[in-house]
Amino acid sequence: MGGKTLPTVYNPKLVEEKWYRFWEEGKYFRGIIDRNREPFCIVMPPPNVTGELHMGHALDNTLQDVLIRWRRMQGYAVLWLPGTDHAGIATQARVEAMLAKEGLSRFDLGREKFLERVWAWKEKYGHVITGQLRRLGASCDWDRERFTMDEGCSEAVQEVFLRLYERGLIYRDNYIVNWCPHCHTVISDIEVEHKDTAAHLYYIRYPLKGGTGFIEIATTRPETMLGDTAVAVNPADERYRELIGKTVVLPLVGREIPVIADEYVAMEFGTGALKVTPAHDPNDFEIGQRHNLPAVQVIGPDGRMTADAGARYAGLDRWECRKRVVEDLRTQKLLVKVEDLSHAVGHCYRCDTVIEPTVSKQWFVRMKPLAEPAIQAVKDGRVRFIPERFTKVYLNWLEQIRDWCISRQLWWGHRIPVWHCPDCGESTASRGEVKRCPRCGSAQVEQDPDVLDTWFSSALWPFSTLGWPDETVDLAYYYPTSVLVTGRDIIFFWVARMIFMGLAFMKEVPFREVFIHGLVLDALGRKMSKSLGNGVDPIEVIESHGADSLRFMLVTGSTPGNDLRFHFEKLDGARNFVNKLWNASRFVLMNLAEPGAQPADGAYELADRWILSRYREAVARATEYLEAYEVGEAARVLYDFVWDEFCDWYIELAKPRLYRGTPGEQAVARAVLCRVLGGTLKLLHPFIPFATEEIWHHLAPGEAPLIVQSWPEDEPALADPAAEEEMGRLIAIIRTVRHIRAEMNVPLGRRAAVILVAPDARVLEVVARGKEYIEELTAATVSVLEELAAKPAQAAHAVAAGVQIFVPLGGLIDINKEQARLAKELDTVAKELARVEAKLKNTGFLAKAPAEVVAKERAKQAELSQKREALESRLRMLSEAG
């Protein structure tokens with residue numbers, strides 16, 4: 001696949017598919033157990049089988065792939081284990097929507113036939129996201145791909161459930177849960193998204209029994225009052241002390257309910273008197289448990305009022321009921337007032353429906369005994385969070401954890417392995433099917449209809465995917481895994497659960513480090529979502545810019561734990577970088593006598609020693625940053641080295657030797673170009689794997705693919721601080737001369753006469769030695785002096801690196817004409833700046849204009865201010881020269 005020349009233009013479409021197929025078919029991603037090498041293992045956070053690649057996936061998997069490719073090149077026995085999640089609610093909803101188009105529901109099919117349809121859907125569409133991960137360049141071991149409902153993972157899920165059940169850590173009970181009326185299932189506390197919502201606070205009078213007065217309560221949910229079973233006040237509240245133990249008559253219902261004392265009640269909120277609805281509020285449920293209150297369910301699973309709400313309200317939607325209750329209270333003169341209020345309302349994370357707290361019989365995991373070892377493991381340092389600040393987030397959640405509701409009212413998922421006997425009430429957990437009740441012998445036993453929370457199976461991912469409960473070779477070698485790479489938004493959902501499950505069943509943490517990254521936001525800092533229409537499809541980006549450009553943009557914009565904003569300008573910048581590398585490589589290849597390592601028979605010049613020293617520094621710093629999970633900083637170091645040092649300086653400095661040098665000088669330049677380019681391709685390969693592999697096979701056609709080349713090691717012998725200091729001084733001088741030429745509008749074809757004055761003998765020596773470099777890169781004839789008798793006439797002047805620089809302008813430009821041109825341009829800029837500043841001082845504009853329009857005007861103001869300063873500086877310089 002190698003050859004000497006590269007095409008003129010880099011075309012990702014011709015390169016990416018070819019190399020991915022080469023790698024995959026050649027088994028370069030395969031995890032090989034080698035007792036002589038240290039393992040490095042990452043389990044991929046399994047994307048939903050329903051899903052398509054979004055920018056969050058692209059970032060997460062790019063970061064993982066960078067680490068995997070880097071460690072593979074370092075010689076570790078690498079395994080990146082991929083897989084997908086069955087995604088209970090999401091997948092079932094997708095298939096139910098498909099059935100609805102056929103005029104069917106899952107109940108029309110029945111459970112068994114419905115599950116057949118889900119499996120068929122999974123087989124047809126479940127590979128979409130794994131195909132997209134391949135497009136991104138993910139170098140995972142596809143031969144080990146897992147699915148949370150494959151046979152092995154299902155066996156692990158059942159075994160964990162039964163062992164926890166046998167230890168008394170799983171129980172079934174009536175409890176207040178978060179119910180989604182749209183998805184028709186319970187969801188856990190951390191799956192509830194709390195959103196600030198504009199609402200109302202209703203003040204209602206509850207008449208005291210016997211007509212002796214009222215107690216006034218305040219509520220945001222008047223429809224739930226139909227299920228009230230008490231009014232609670234704080235025992236320390238003097239206003240209500242006389243009423244504790246009395247009875248009130250529930251308005252609209254007529255039920256007599258007690259006034260009770262409970263310290264939970266906040267005296268300062270509302271009226272200080274709290275209506276208690278144990279069936280529809282988690283805090284009220286706790287009060288009800290403490291006071292042995294009945295729980296009256298007035299809102300059903302479909303979000304409609306039940307018969308217990310009374311004939312006037314039964315069957316109404318909960319929001320319709322709210323309106324009717326408020327009207328009836330107003331009619332009966334029991335509604336005192338209504339105030340506006342903003343408060344957090346729980347929504348289903350999946351469908352955005354407002355959650356309905358309700359009491360129902362569910363399965364729970366007792367969390368305290370599992371949470372304590374997981375807390376200790378992080379406090380002891382057995383698991384380390386990067387960045388460290390997320391340790392506190394993790395510990396706070398686990399230290400306040402409630403029992404985990406693990407049952408879901410779905411059909412797609414791991415069915416709970418418990419059978420119930422309707423004749424005697426016995427429940428039997430079993431590894432195999434139960435056909436008769438072990439207690440009474442009845443054959444009427446039925447398996448529990450619920451399935452387990454999707455996160456229950458995901459919590460086992462680091463060990464179930466490696467073969468547990470069997471004692472497999474993979475499990476023994478790769479567990480615990482090395483690092484988990486994941487977003488900050490699922491620390492509770494997933495990370496904490498994997499840690500406590502790993503400790504409970506493997507007696508060891510599932511990973512040593514947790515590398516947390518942020519979310520990918522749009523350019524305005526908003527979360528990408530379908531409702532906002534601001535999502536960017538990674539596959540479309542790969543089609544337009546190539547996978548390497550997308551990867552490099554995501555990585556360079558990422559810092560551990562922080563969100564990053566997606567800007568198309570940054571994407572264009574990443575593509576420009578890939579093109580810059582391609583063009584530089586093409587130049588090197590065109591100037592090699594033949595591909596492969598180049599012999600160097602002569603001595604290194606200053607530029608050679610400088611670039612090798614800078615290359616050595618790039619190797620050291622990139623490696624150091626990767627070790628610290630500063631992936632973005634590692635990429636930035638390489639970007640700066642390639643663009644600013646190798647391409648912009650060394651290649652330009654090498655050209656005179658390549659074009660006009662002796663054979664020996666040419667050989668040295670080729671050898672250094674080849675060595676630095678080859679090493680740089682290795683450094684860049686984890687970040688931009690496709691372009692680097694293509695270039696490598698032209699540069700070193702007889703060698704092994706880049707994916708399995710060794711990561712460059714630090715070479716202290718290449719360090720040359722003296723060369724770096726000397727070259728740094730020359731670069732500063734060259735930059736300054738170029739700046740003067742650009743500022744003074746000197747035509748490119750005109751050769752300038754430059755005078756350099758260096759009073760310091762050591763600096764003078766450096767400048768004299770570098771005279772040829774300066775002349776070559778500034779299109780100038782250079783004079784180097786220790787001192788100057790008189791300032792040259794009509795010369796622009798500047799100081800850089802301890803050297804005075806004079807560029808006589810006579811004969812290069814017409815100074816008067818240039819002054820007039822700049823003055824005219826300055827006048828235009830000043831007027832435009834005044835117009836923009838006036839607009840930004842206009843309060844009406846600031847109040848009415850969209851934020852992005854205001855931001856654009858502020859950016860324009862900054863740009864015009866810089867332009868004005870630059871023009872004024874150039875005019876000053878010309879004035880001094882004149």
# chains A, B, ... in the order shown; residues from 1 in each chain; ligands from 1

call {"tool": "residues_around", "arguments": {"residues": "Glu665 in chain A", "least_positions_apart": "4", "cutoff": "12 Å", "atoms": "only C-alpha atoms", "output": "PyMOL selection string"}}
result
chain A and resi 599-605+608+654-661+669-672

call {"tool": "write_last_selection", "arguments": {"atoms": "C-alpha atoms", "output": "CSV table (one decimal), in the first residue's frame"}}
result
chain,number,residue,atom,x,y,z
A,599,PRO,CA,21.4,8.1,5.6
A,600,ALA,CA,23.1,11.2,6.9
A,601,ASP,CA,26.8,11.5,6.1
A,602,GLY,CA,27.4,15.1,7.1
A,603,ALA,CA,27.2,17.3,10.2
A,604,TYR,CA,24.0,18.8,11.5
A,605,GLU,CA,23.4,22.5,11.0
A,608,ASP,CA,18.8,20.5,12.3
A,654,ALA,CA,15.8,23.1,4.7
A,655,LYS,CA,14.7,24.2,1.2
A,656,PRO,CA,17.9,26.0,0.3
A,657,ARG,CA,20.0,22.9,1.0
A,658,LEU,CA,17.5,20.6,-0.8
A,659,TYR,CA,17.5,22.8,-3.9
A,660,ARG,CA,21.1,24.2,-4.0
A,661,GLY,CA,23.1,22.3,-1.4
A,669,ALA,CA,18.4,17.7,5.4
A,670,ARG,CA,16.6,14.6,4.0
A,671,ALA,CA,17.6,12.5,7.0
A,672,VAL,CA,16.3,15.0,9.5

call {"tool": "residues_around", "arguments": {"residues": "Lys13 in chain A", "least_positions_apart": "4", "cutoff": "10 Å", "atoms": "only C-alpha atoms", "output": "ChimeraX atom specification"}}
result
/A:17-18,542-547

call {"tool": "residues_around", "arguments": {"residues": "range 321-333 of chain A", "least_positions_apart": "2", "cutoff": "12 Å", "atoms": "only C-alpha atoms", "output": "JSON, numbers by chain"}}
result
{"A": [200, 201, 202, 203, 204, 205, 206, 207, 219, 220, 221, 222, 223, 224, 225, 226, 250, 251, 252, 253, 298, 299, 303, 304, 305, 306, 309, 310, 311, 312, 313, 314, 315, 316, 317, 318, 319, 335, 336, 337, 338]}

call {"tool": "closest_atom_pairs", "arguments": {"of": "range 311-427 of chain A", "to": "range 88-112 of chain A", "cutoff": "12 Å", "atoms": "only C-alpha atoms", "output": "tab-separated table"}}
result
residue	atom	partner	partner_atom	distance
A:Cys348	CA	A:Ile89	CA	11.1
A:Tyr349	CA	A:Ile89	CA	10.6
A:Arg350	CA	A:Ala90	CA	7.3
A:Cys351	CA	A:Ala90	CA	9.2
A:Ser407	CA	A:Gly88	CA	11.4
A:Arg408	CA	A:Gly88	CA	8.8
A:Gln409	CA	A:Ile89	CA	9.4
A:Leu410	CA	A:Ile89	CA	7.3
A:Trp411	CA	A:Arg111	CA	6.7
A:Trp412	CA	A:Gly88	CA	5.6
A:Gly413	CA	A:Gly88	CA	5.6
A:His414	CA	A:Gly88	CA	9.0
A:Arg415	CA	A:Gly88	CA	11.1
